[in-house]
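Undergrad: For reference, this is model35.cif, and it has mmCIF, C-alpha atoms.
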```cif
data_query
loop_
_atom_site.label_atom_id
_atom_site.label_comp_id
_atom_site.auth_asym_id
_atom_site.auth_seq_id
_atom_site.Cartn_x
_atom_site.Cartn_y
_atom_site.Cartn_z
CA MET A 1 -22.82 22.75 -1.56
CA THR A 2 -22.59 23.42 2.13
CA LYS A 3 -21.25 20.46 4.11
CA LEU A 4 -21.34 20.01 7.86
CA VAL A 5 -17.80 19.00 8.82
CA LEU A 6 -16.95 17.68 12.26
CA ASP A 7 -13.40 18.97 12.72
CA ILE A 8 -11.72 17.70 15.86
CA THR A 9 -8.43 16.47 17.27
CA THR A 10 -8.31 13.07 18.93
CA THR A 11 -5.57 11.11 20.61
CA LEU A 12 -4.60 7.76 19.18
CA ASP A 13 -6.58 6.14 21.98
CA GLY A 14 -9.69 8.11 21.05
CA PHE A 15 -9.88 10.96 23.54
CA VAL A 16 -10.77 14.56 22.69
CA ALA A 17 -10.33 15.78 26.27
CA GLY A 18 -8.65 14.46 29.38
CA PRO A 19 -10.44 13.16 32.46
CA ASN A 20 -11.69 15.29 35.37
CA GLN A 21 -12.75 18.40 33.49
CA THR A 22 -13.02 21.32 35.90
CA LEU A 23 -13.44 25.09 35.75
CA GLU A 24 -9.69 25.53 35.84
CA GLN A 25 -9.06 22.67 33.46
CA PRO A 26 -11.82 22.66 30.83
CA LEU A 27 -9.91 20.23 28.62
CA GLY A 28 -9.39 17.84 31.52
CA ALA A 29 -6.14 16.51 32.93
CA GLY A 30 -3.52 16.48 30.17
CA GLY A 31 -6.07 17.67 27.62
CA GLU A 32 -4.05 20.68 26.49
CA ARG A 33 -1.47 18.27 25.04
CA ILE A 34 -4.05 17.02 22.54
CA HIS A 35 -4.10 20.41 20.80
CA GLU A 36 -0.43 21.25 21.07
CA TRP A 37 0.12 20.58 17.37
CA VAL A 38 -1.91 23.66 16.39
CA TYR A 39 -0.58 26.36 18.71
CA GLY A 40 2.62 27.02 16.77
CA LEU A 41 1.03 27.30 13.32
CA VAL A 42 0.93 30.61 11.41
CA SER A 43 -2.79 30.31 10.63
CA TRP A 44 -3.75 29.53 14.21
CA ARG A 45 -1.55 32.28 15.61
CA GLU A 46 -2.83 34.79 13.08
CA SER A 47 -6.44 34.04 13.98
CA HIS A 48 -5.53 34.59 17.63
CA GLY A 49 -3.85 37.91 16.89
CA LEU A 50 -0.34 36.52 17.23
CA ALA A 51 2.54 37.06 14.80
CA GLY A 52 4.97 34.46 13.51
CA GLY A 53 4.68 30.73 13.66
CA GLU A 54 5.39 27.72 11.54
CA SER A 55 4.15 27.11 8.02
CA ASN A 56 3.94 23.45 7.03
CA PRO A 57 1.33 20.94 5.76
CA ASP A 58 -0.56 21.22 9.06
CA ASP A 59 -0.70 24.99 8.69
CA GLU A 60 -1.93 24.79 5.11
CA MET A 61 -4.65 22.39 6.21
CA VAL A 62 -5.78 24.64 9.06
CA ALA A 63 -5.76 27.70 6.80
CA ALA A 64 -7.83 25.85 4.18
CA SER A 65 -10.35 24.68 6.79
CA ARG A 66 -10.72 28.25 8.04
CA ALA A 67 -11.22 29.56 4.53
CA GLU A 68 -13.85 26.90 3.80
CA ALA A 69 -15.85 27.59 6.98
CA GLY A 70 -18.75 29.99 6.64
CA ALA A 71 -20.14 29.23 10.10
CA VAL A 72 -19.08 27.36 13.21
CA LEU A 73 -21.06 25.15 15.59
CA MET A 74 -19.91 24.36 19.12
CA GLY A 75 -21.17 23.16 22.46
CA ARG A 76 -21.68 25.36 25.48
CA ARG A 77 -18.61 24.08 27.28
CA MET A 78 -16.42 24.90 24.33
CA PHE A 79 -17.91 28.38 24.23
CA SER A 80 -17.48 29.17 27.88
CA GLY A 81 -14.66 26.91 28.88
CA GLY A 82 -15.52 24.81 31.87
CA ALA A 83 -17.46 27.66 33.48
CA GLY A 84 -20.94 27.07 34.83
CA PRO A 85 -24.09 28.57 33.34
CA TRP A 86 -23.29 32.16 32.52
CA THR A 87 -25.23 35.16 33.68
CA ASP A 88 -26.42 37.80 31.27
CA ASP A 89 -23.46 39.85 32.38
CA ALA A 90 -22.00 41.40 29.23
CA ASN A 91 -18.54 40.22 30.26
CA ALA A 92 -19.49 36.57 30.39
CA ASN A 93 -18.58 36.04 26.79
CA GLY A 94 -16.75 32.77 27.04
CA TRP A 95 -13.03 32.15 27.05
CA TRP A 96 -12.42 33.40 23.53
CA GLY A 97 -11.74 37.01 24.53
CA ASP A 98 -13.10 40.15 22.87
CA ASP A 99 -11.86 39.20 19.42
CA PRO A 100 -12.51 35.47 19.00
CA PRO A 101 -10.54 33.58 16.35
CA TYR A 102 -13.54 32.57 14.23
CA ASP A 103 -14.46 35.64 12.18
CA VAL A 104 -17.71 33.97 11.11
CA PRO A 105 -21.09 33.41 12.80
CA VAL A 106 -20.77 30.91 15.64
CA PHE A 107 -23.76 28.92 16.87
CA VAL A 108 -23.54 27.67 20.44
CA LEU A 109 -25.71 24.70 21.43
CA THR A 110 -26.93 25.31 24.97
CA HIS A 111 -29.82 24.91 27.38
CA HIS A 112 -29.50 28.54 28.48
CA GLU A 113 -31.27 31.18 26.43
CA ARG A 114 -29.28 34.27 25.71
CA GLU A 115 -29.29 37.21 23.33
CA PRO A 116 -26.81 37.05 20.42
CA LEU A 117 -23.39 38.43 21.19
CA ALA A 118 -21.49 40.39 18.55
CA MET A 119 -17.75 40.45 19.12
CA GLN A 120 -14.86 42.33 17.59
CA GLY A 121 -13.92 41.07 14.16
CA LYS A 122 -16.64 39.15 12.34
CA THR A 123 -17.38 36.65 15.10
CA ALA A 124 -20.96 36.74 16.38
CA PHE A 125 -22.26 34.16 18.85
CA THR A 126 -25.83 32.96 18.51
CA PHE A 127 -27.20 30.73 21.25
CA VAL A 128 -29.33 27.82 20.10
CA THR A 129 -31.61 26.23 22.70
CA ASP A 130 -33.92 24.20 20.48
CA GLY A 131 -31.62 21.35 19.53
CA VAL A 132 -29.16 20.17 16.92
CA GLU A 133 -31.52 20.22 13.93
CA SER A 134 -32.21 23.90 14.57
CA GLY A 135 -28.52 24.62 15.15
CA CYS A 136 -27.69 22.83 11.92
CA ALA A 137 -30.30 24.75 9.93
CA GLN A 138 -29.24 28.13 11.33
CA ALA A 139 -25.54 27.46 10.76
CA ARG A 140 -26.17 26.21 7.21
CA ALA A 141 -28.16 29.32 6.39
CA ALA A 142 -25.39 31.53 7.78
CA ALA A 143 -22.61 29.65 5.98
CA GLY A 144 -23.88 30.48 2.50
CA GLU A 145 -21.92 28.46 -0.01
CA ARG A 146 -19.22 27.63 2.48
CA ASP A 147 -19.07 24.75 4.98
CA VAL A 148 -20.31 24.53 8.53
CA LEU A 149 -17.53 23.56 10.88
CA LEU A 150 -18.60 21.55 13.92
CA ALA A 151 -15.79 22.24 16.37
CA GLY A 152 -16.80 20.14 19.38
CA GLY A 153 -16.77 19.10 22.06
CA ALA A 154 -17.53 15.42 22.23
CA ASN A 155 -21.06 15.76 23.55
CA VAL A 156 -22.26 18.04 20.77
CA ALA A 157 -20.35 16.02 18.17
CA GLN A 158 -22.15 12.88 19.33
CA GLN A 159 -25.53 14.61 19.19
CA PHE A 160 -24.90 15.62 15.58
CA LEU A 161 -23.61 12.16 14.63
CA ARG A 162 -26.63 10.47 16.23
CA ALA A 163 -28.95 12.82 14.37
CA GLY A 164 -27.27 11.97 11.06
CA LEU A 165 -26.38 15.61 10.44
CA VAL A 166 -22.63 15.21 9.85
CA ASP A 167 -21.48 15.06 6.21
CA GLU A 168 -17.74 14.77 6.79
CA VAL A 169 -15.39 14.09 9.68
CA GLN A 170 -12.00 15.80 9.61
CA LEU A 171 -10.02 13.94 12.23
CA HIS A 172 -6.64 15.13 13.44
CA ILE A 173 -5.06 12.08 15.06
CA ALA A 174 -2.39 13.12 17.56
CA PRO A 175 0.28 10.49 18.25
CA LEU A 176 -0.61 10.56 21.90
CA LEU A 177 -1.96 8.07 24.39
CA LEU A 178 -3.94 9.71 27.18
CA GLY A 179 -5.23 6.57 28.90
CA ASP A 180 -8.40 8.22 30.15
CA GLY A 181 -10.72 11.07 29.28
CA VAL A 182 -13.66 11.99 27.08
CA ARG A 183 -14.07 9.76 24.05
CA LEU A 184 -15.17 11.19 20.71
CA PHE A 185 -17.03 8.14 19.43
CA ASP A 186 -19.05 7.21 22.48
CA GLY A 187 -22.75 6.76 23.05
CA LEU A 188 -23.62 6.72 19.36
CA GLY A 189 -26.15 3.93 19.80
CA ASP A 190 -26.59 1.03 17.40
CA ASP A 191 -27.21 2.98 14.22
CA LEU A 192 -23.56 3.73 13.54
CA PRO A 193 -22.58 5.69 10.45
CA THR A 194 -20.43 4.17 7.72
CA LEU A 195 -17.35 6.19 6.85
CA GLU A 196 -15.04 6.42 3.87
CA ALA A 197 -11.61 8.02 4.00
CA THR A 198 -11.32 10.63 1.27
CA ARG A 199 -8.06 12.42 2.08
CA VAL A 200 -5.04 11.87 4.27
CA ILE A 201 -2.50 14.57 5.11
CA GLU A 202 0.66 13.41 6.78
CA SER A 203 2.98 15.55 8.84
CA PRO A 204 5.69 14.83 11.38
CA THR A 205 3.44 15.82 14.29
CA ILE A 206 -0.06 14.69 13.41
CA THR A 207 -2.12 12.76 10.85
CA HIS A 208 -5.20 14.35 9.31
CA ILE A 209 -7.79 11.97 7.89
CA ARG A 210 -10.91 13.24 6.23
CA TYR A 211 -13.92 10.92 6.11
CA ARG A 212 -17.14 11.13 4.20
CA VAL A 213 -20.18 9.90 6.08
CA VAL A 214 -21.96 7.46 3.78
CA ARG A 215 -25.71 7.68 4.21
CA MET B 1 18.50 -4.20 13.68
CA THR B 2 15.56 -6.31 14.73
CA LYS B 3 12.53 -4.26 15.75
CA LEU B 4 9.47 -5.49 17.57
CA VAL B 5 6.52 -4.17 15.56
CA LEU B 6 2.98 -4.31 16.89
CA ASP B 7 0.98 -4.77 13.68
CA ILE B 8 -2.76 -4.60 14.18
CA THR B 9 -5.99 -3.33 12.65
CA THR B 10 -8.22 -1.07 14.69
CA THR B 11 -11.55 0.58 14.04
CA LEU B 12 -11.75 4.35 14.10
CA ASP B 13 -13.31 4.07 17.55
CA GLY B 14 -10.38 2.01 18.80
CA PHE B 15 -11.57 -1.59 18.77
CA VAL B 16 -9.53 -4.57 17.60
CA ALA B 17 -12.35 -7.05 18.20
CA GLY B 18 -16.07 -6.83 18.72
CA PRO B 19 -17.90 -7.49 21.99
CA ASN B 20 -19.00 -10.88 23.27
CA GLN B 21 -16.16 -13.04 22.00
CA THR B 22 -17.21 -16.68 21.96
CA LEU B 23 -15.95 -20.00 20.60
CA GLU B 24 -17.96 -19.50 17.44
CA GLN B 25 -17.10 -15.83 17.18
CA PRO B 26 -13.49 -15.38 18.33
CA LEU B 27 -13.36 -11.83 16.93
CA GLY B 28 -16.56 -10.89 18.75
CA ALA B 29 -19.77 -9.55 17.27
CA GLY B 30 -19.01 -7.70 14.07
CA GLY B 31 -15.29 -8.25 14.53
CA GLU B 32 -14.76 -9.90 11.15
CA ARG B 33 -15.58 -6.56 9.52
CA ILE B 34 -12.47 -5.02 11.07
CA HIS B 35 -10.23 -7.24 8.96
CA GLU B 36 -12.24 -7.19 5.76
CA TRP B 37 -9.73 -4.89 4.07
CA VAL B 38 -7.10 -7.64 3.98
CA TYR B 39 -9.02 -10.67 2.72
CA GLY B 40 -9.04 -9.62 -0.94
CA LEU B 41 -5.34 -8.79 -1.22
CA VAL B 42 -2.96 -10.89 -3.34
CA SER B 43 -0.36 -11.17 -0.57
CA TRP B 44 -2.90 -12.26 2.03
CA ARG B 45 -4.56 -14.74 -0.33
CA GLU B 46 -1.21 -16.15 -1.42
CA SER B 47 -0.15 -16.76 2.17
CA HIS B 48 -3.43 -18.58 2.72
CA GLY B 49 -2.95 -20.75 -0.36
CA LEU B 50 -5.49 -18.83 -2.44
CA ALA B 51 -4.99 -17.57 -5.99
CA GLY B 52 -5.90 -14.17 -7.38
CA GLY B 53 -6.79 -11.04 -5.47
CA GLU B 54 -6.20 -7.35 -5.65
CA SER B 55 -2.85 -5.61 -5.86
CA ASN B 56 -2.84 -2.06 -4.52
CA PRO B 57 -0.99 0.04 -1.89
CA ASP B 58 -2.56 -2.07 0.88
CA ASP B 59 -1.27 -5.22 -0.77
CA GLU B 60 2.24 -3.81 -1.18
CA MET B 61 2.25 -2.84 2.49
CA VAL B 62 1.13 -6.30 3.62
CA ALA B 63 3.68 -7.98 1.35
CA ALA B 64 6.45 -5.75 2.71
CA SER B 65 5.46 -6.46 6.32
CA ARG B 66 5.52 -10.18 5.61
CA ALA B 67 8.94 -9.92 3.99
CA GLU B 68 10.30 -7.94 6.93
CA ALA B 69 9.02 -10.37 9.56
CA GLY B 70 11.47 -13.02 10.74
CA ALA B 71 9.26 -14.17 13.60
CA VAL B 72 5.74 -13.64 14.86
CA LEU B 73 4.37 -13.22 18.39
CA MET B 74 0.73 -13.77 19.27
CA GLY B 75 -1.57 -14.47 22.18
CA ARG B 76 -3.15 -17.78 22.90
CA ARG B 77 -6.60 -16.70 21.73
CA MET B 78 -5.21 -15.63 18.39
CA PHE B 79 -3.47 -18.98 18.07
CA SER B 80 -6.46 -21.13 18.90
CA GLY B 81 -9.33 -18.91 18.00
CA GLY B 82 -11.80 -18.53 20.82
CA ALA B 83 -11.32 -22.15 21.89
CA GLY B 84 -10.64 -23.00 25.52
CA PRO B 85 -7.38 -24.43 26.77
CA TRP B 86 -6.33 -27.04 24.28
CA THR B 87 -5.48 -30.60 25.07
CA ASP B 88 -2.25 -32.18 23.93
CA ASP B 89 -4.19 -33.75 21.14
CA ALA B 90 -2.06 -33.44 18.04
CA ASN B 91 -5.05 -32.05 16.13
CA ALA B 92 -5.54 -29.11 18.46
CA ASN B 93 -3.29 -26.90 16.41
CA GLY B 94 -5.29 -23.71 16.44
CA TRP B 95 -7.47 -22.29 13.73
CA TRP B 96 -4.69 -21.73 11.22
CA GLY B 97 -4.97 -25.13 9.54
CA ASP B 98 -2.13 -27.49 8.63
CA ASP B 99 -0.28 -24.88 6.58
CA PRO B 100 -0.51 -21.60 8.53
CA PRO B 101 0.09 -18.34 6.64
CA TYR B 102 3.17 -17.27 8.60
CA ASP B 103 6.06 -19.30 7.19
CA VAL B 104 8.29 -18.15 10.06
CA PRO B 105 8.64 -19.22 13.71
CA VAL B 106 5.57 -18.17 15.71
CA PHE B 107 5.74 -17.69 19.48
CA VAL B 108 2.45 -18.08 21.31
CA LEU B 109 2.13 -16.46 24.75
CA THR B 110 0.10 -18.78 26.93
CA HIS B 111 -0.35 -20.15 30.42
CA HIS B 112 -0.52 -23.70 29.08
CA GLU B 113 2.74 -25.57 28.54
CA ARG B 114 2.98 -27.47 25.30
CA GLU B 115 5.61 -29.01 23.05
CA PRO B 116 6.55 -27.02 19.93
CA LEU B 117 4.40 -27.72 16.92
CA ALA B 118 5.96 -27.86 13.45
CA MET B 119 3.47 -27.24 10.66
CA GLN B 120 3.58 -27.52 6.90
CA GLY B 121 5.54 -24.72 5.24
CA LYS B 122 7.99 -22.93 7.49
CA THR B 123 5.58 -22.13 10.30
CA ALA B 124 6.50 -23.60 13.68
CA PHE B 125 4.62 -22.76 16.85
CA THR B 126 6.55 -22.41 20.09
CA PHE B 127 4.56 -21.98 23.28
CA VAL B 128 5.92 -19.47 25.76
CA THR B 129 4.68 -19.74 29.34
CA ASP B 130 7.22 -17.59 31.15
CA GLY B 131 6.05 -14.15 30.10
CA VAL B 132 6.52 -11.40 27.56
CA GLU B 133 10.22 -10.73 28.18
CA SER B 134 10.97 -14.36 27.44
CA GLY B 135 8.67 -14.34 24.40
CA CYS B 136 10.37 -11.21 23.17
CA ALA B 137 13.86 -12.66 23.61
CA GLN B 138 12.98 -15.94 21.90
CA ALA B 139 11.27 -14.23 18.97
CA ARG B 140 14.13 -11.76 18.54
CA ALA B 141 16.63 -14.60 18.48
CA ALA B 142 14.56 -16.45 15.88
CA ALA B 143 14.03 -13.36 13.70
CA GLY B 144 17.70 -12.92 12.92
CA GLU B 145 18.16 -9.60 11.15
CA ARG B 146 14.47 -9.30 10.36
CA ASP B 147 11.69 -7.84 12.53
CA VAL B 148 9.48 -9.47 15.09
CA LEU B 149 5.82 -8.96 14.26
CA LEU B 150 3.49 -8.77 17.24
CA ALA B 151 0.16 -9.74 15.71
CA GLY B 152 -2.20 -9.44 18.71
CA GLY B 153 -4.62 -9.70 20.19
CA ALA B 154 -5.24 -6.75 22.46
CA ASN B 155 -4.30 -8.46 25.70
CA VAL B 156 -0.87 -9.55 24.52
CA ALA B 157 -0.31 -6.21 22.78
CA GLN B 158 -1.02 -4.41 26.05
CA GLN B 159 1.36 -6.67 27.97
CA PHE B 160 4.15 -5.85 25.53
CA LEU B 161 3.36 -2.13 25.57
CA ARG B 162 3.31 -2.06 29.38
CA ALA B 163 6.65 -3.87 29.47
CA GLY B 164 8.19 -1.29 27.11
CA LEU B 165 9.08 -3.99 24.58
CA VAL B 166 7.41 -2.48 21.50
CA ASP B 167 9.65 -0.51 19.11
CA GLU B 168 7.07 0.39 16.49
CA VAL B 169 3.31 0.30 16.08
CA GLN B 170 1.92 -0.34 12.60
CA LEU B 171 -1.71 0.63 12.91
CA HIS B 172 -4.24 -0.11 10.19
CA ILE B 173 -7.14 2.24 10.90
CA ALA B 174 -10.34 0.91 9.36
CA PRO B 175 -12.99 3.55 8.63
CA LEU B 176 -15.42 1.71 10.84
CA LEU B 177 -17.28 2.48 14.02
CA LEU B 178 -18.04 -0.61 16.06
CA GLY B 179 -19.49 1.05 19.16
CA ASP B 180 -18.36 -1.68 21.51
CA GLY B 181 -15.70 -4.35 21.79
CA VAL B 182 -12.11 -4.93 22.83
CA ARG B 183 -9.99 -1.78 22.86
CA LEU B 184 -6.37 -1.86 21.74
CA PHE B 185 -5.07 0.89 24.02
CA ASP B 186 -6.63 -0.08 27.30
CA GLY B 187 -5.19 -0.82 30.69
CA LEU B 188 -1.76 0.57 29.87
CA GLY B 189 -1.41 2.20 33.28
CA ASP B 190 0.06 5.64 33.89
CA ASP B 191 3.42 5.17 32.23
CA LEU B 192 2.15 5.69 28.69
CA PRO B 193 4.57 5.54 25.78
CA THR B 194 5.22 8.55 23.56
CA LEU B 195 4.73 7.93 19.87
CA GLU B 196 5.91 9.56 16.68
CA ALA B 197 4.32 8.93 13.29
CA THR B 198 6.98 7.90 10.80
CA ARG B 199 4.98 6.78 7.77
CA VAL B 200 1.44 7.04 6.47
CA ILE B 201 0.06 4.95 3.64
CA GLU B 202 -3.29 6.01 2.29
CA SER B 203 -5.70 3.83 0.38
CA PRO B 204 -9.39 4.01 -0.43
CA THR B 205 -10.25 1.38 2.15
CA ILE B 206 -7.92 1.89 5.10
CA THR B 207 -5.21 4.16 6.50
CA HIS B 208 -1.90 2.69 7.65
CA ILE B 209 0.08 4.75 10.16
CA ARG B 210 3.42 3.60 11.43
CA TYR B 211 4.60 4.94 14.77
CA ARG B 212 7.94 4.82 16.47
CA VAL B 213 7.79 4.34 20.22
CA VAL B 214 10.00 7.01 21.75
CA ARG B 215 11.79 5.73 24.82
#
```
Would it be possible to restate this file's structure as structure tokens?
TA:
Amino acid sequence: MTKLVLDITTTLDGFVAGPNQTLEQPLGAGGERIHEWVYGLVSWRESHGLAGGESNPDDEMVAASRAEAGAVLMGRRMFSGGAGPWTDDANANGWWGDDPPYDVPVFVLTHHEREPLAMQGKTAFTFVTDGVESGCAQARAAAGERDVLLAGGANVAQQFLRAGLVDEVQLHIAPLLLGDGVRLFDGLGDDLPTLEATRVIESPTITHIRYRVVR
Amino acid sequence: MTKLVLDITTTLDGFVAGPNQTLEQPLGAGGERIHEWVYGLVSWRESHGLAGGESNPDDEMVAASRAEAGAVLMGRRMFSGGAGPWTDDANANGWWGDDPPYDVPVFVLTHHEREPLAMQGKTAFTFVTDGVESGCAQARAAAGERDVLLAGGANVAQQFLRAGLVDEVQLHIAPLLLGDGVRLFDGLGDDLPTLEATRVIESPTITHIRYRVVR
């Protein structure tokens, strides 16, 4: 059965991006460090058109997550980097380049209406302006039997958590302290979900904990 | 070689106590839930003079930590619960009862001078008023070849982290979201330590990650 999986990397002090996000620094000050663990992996490099890389438990986990994902959900900032509202210019296709690494339908939560955007490979961006329930329904329909991967950022993750739409949380906990930035679990209100750890994968660089959201 | 190990339970959203700590509620609103994982374990119950309990990977981990600890460090609030500055009344011996669960020398960081307090069992409280370096030195001397366990709370943990006195962090990550409360990794300034995960222990109720602080 299709599950909606929030899949995101957090620092040990709970940040998914650094402070002071700008156009030039969409992940905020120091935010690139949060994701450093993934850049050298075979599966990540392959999906970005790069050869080589390291194969280890992290890589196997990333490859499995990719294989399980039939659709991806993300926020507008994650689609376009820190850039402001895009124009309808055909070149304004986010920071993922002509051949984005997803190879599945991607649904972008945004306030700005826009026609769907088919990219090279199997990635196609659909822009969802009528809220998380609609985004969830569209992504689930597109995913078929596979999972929907909610990739971030924090704001969209929080909207989905508040709406009770997240089935599992796949948290990659980087052994990093950032001190300041954008927190993943912020502004969730009083009706907080109960979680249950279902799988832990240990590696020298990062700890992956998978949680089931208990309704 | 003696290591100083910060050993503390945190929620997934980074809290080691709930909000609104009071005399009646020293762990803050909802804070008791953070530590629920430990109350049923054989090793915890035994140290509190209680029979029975569950034996599982969590219990083995707690038993091993106890066996490795030659001395304990804690803050004044953890010693006395949420109570205000104590008097020299011989009965004002904190919330740990006459036979505290430590059975090793315990050094309490405080602003209030007080004579050492020998309890039943092997627990003896020494009150340290001249700062974390002094507390660290005294606890290390008392620990012999064993480790010094820094038990919390957040304020004292942060003082030790800022002073660069922590060798390892043993984090018990409860699958809980609290939404508000006292954060463990707060106010550490700009000179943040680098960490490296050295051991992960998985259980159905909680995830234990041990980090080495890289100097």
Undergrad: Here is a test: counting only C-alpha atoms, which residue of B:Phe125, B:Phe107, B:Trp44, B:Phe160 is nearest to B:Arg140?
TA: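 The answer is B:Phe107, which sits nearest to B:Arg140.
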Undergrad: Using only C-alpha atoms, determine which residues lie at most 9 Å from A:Gly131, disregarding the query and same-chain residues fewer than 5 positions distant; provide the list as a list in words.
TA: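 After dropping sequence-adjacent residues, the list is Leu109, Thr110, His111 and Cys136 of chain A.
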Undergrad: Residues as selected, C-alpha atoms, written as a PDB file, in the coordinates of the input, can you do that?
TA:
```
ATOM      1  CA  LEU A 109     -25.710  24.700  21.430  1.00  0.00           C
ATOM      2  CA  THR A 110     -26.930  25.310  24.970  1.00  0.00           C
ATOM      3  CA  HIS A 111     -29.820  24.910  27.380  1.00  0.00           C
ATOM      4  CA  CYS A 136     -27.690  22.830  11.920  1.00  0.00           C
TER       5      CYS A 136
END
```
Undergrad: On this structure, the PyMOL selection byres ((chain B) within 12 of (chain A)) would catch which residues? List them as number ranges by chain, sorted by chain and number.
TA: B: 10-16, 33, 161, 169, 171-180, 183-214
Undergrad: Just so the selection is clear, what residues does the PyMOL selection byres ((chain B and resi 166) around 7) cover here, as a list in words?
TA: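 After applying the PyMOL selection byres ((chain B and resi 166) around 7), what remains is Leu4, Val5, Leu6, Phe160, Leu161, Gly164, Leu165, Asp167, Glu168 and Val213 of chain B.
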Undergrad: I'd like to see the residues matched by the PyMOL selection byres ((chain A and resi 20) around 12) on this file, and ideally I'd get them as an NGL selection string.
TA: :A and (17-19 or 21-31 or 82 or 180-182)
Undergrad: Output, as JSON, the centre and edge lengths in Å (one decimal) of the axis-aligned box that contains all listed atoms of stretch 37-41 of chain A with 8 Å of margin on each side.
TA:
```
{"center_x": 0.4, "center_y": 23.9, "center_z": 16.0, "size_x": 20.5, "size_y": 22.7, "size_z": 21.4}
```
Undergrad: So which residues touch stretch 94-102 of chain A within 9 Å, counting only C-alpha atoms, skipping near sequence neighbours fewer than 4 positions away, as a ChimeraX atom specification?
TA: /A:44,46-49,66,71-72,77-81,83,86,106,119-124
Undergrad: Between A:Pro105, A:Gly153, A:Gly70, A:Gly144, which one has atoms that come closest to A:Leu117, using only C-alpha atoms?
TA: A:Pro105
Undergrad: Using only C-alpha atoms, which of the listed residues (A:Glu113, A:Asp130, A:Asp103, A:Glu68) sits closest to A:Arg146?
TA: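 Among the listed residues, the smallest separation from A:Arg146 belongs to A:Glu68.
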Undergrad: Find the distance between atom CA of B:Met61 and atom CA of B:Trp37 and write it in Å to one decimal.
TA: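 Between atom CA of B:Met61 and atom CA of B:Trp37 the gap is 12.3 Å.
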Undergrad: Do you have the atom CA of B:Glu54-atom CA of B:Val42 distance handy?
TA: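 Separation between atom CA of B:Glu54 and atom CA of B:Val42: 5.3 Å.
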Undergrad: Go ahead and compute the interatomic distance for atom CA of B:Val132 and atom CA of B:Ala163, in Å to one decimal.
TA: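 Going from atom CA of B:Val132 over to atom CA of B:Ala163, I get 7.8 Å.
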Undergrad: Closest to A:Ala157 among A:Ala141, A:Met1, A:Ala69, A:Ile8, using only C-alpha atoms?
TA: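 Among the listed residues, the smallest separation from A:Ala157 belongs to A:Ile8.
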Undergrad: Of the candidates B:Gly53, B:Arg114, B:Phe127, B:Ala64, which shows the shortest atom-to-atom distance to B:Asp147, using only C-alpha atoms?
TA: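 Once distances to B:Asp147 are computed over only C-alpha atoms, the minimum belongs to B:Ala64.
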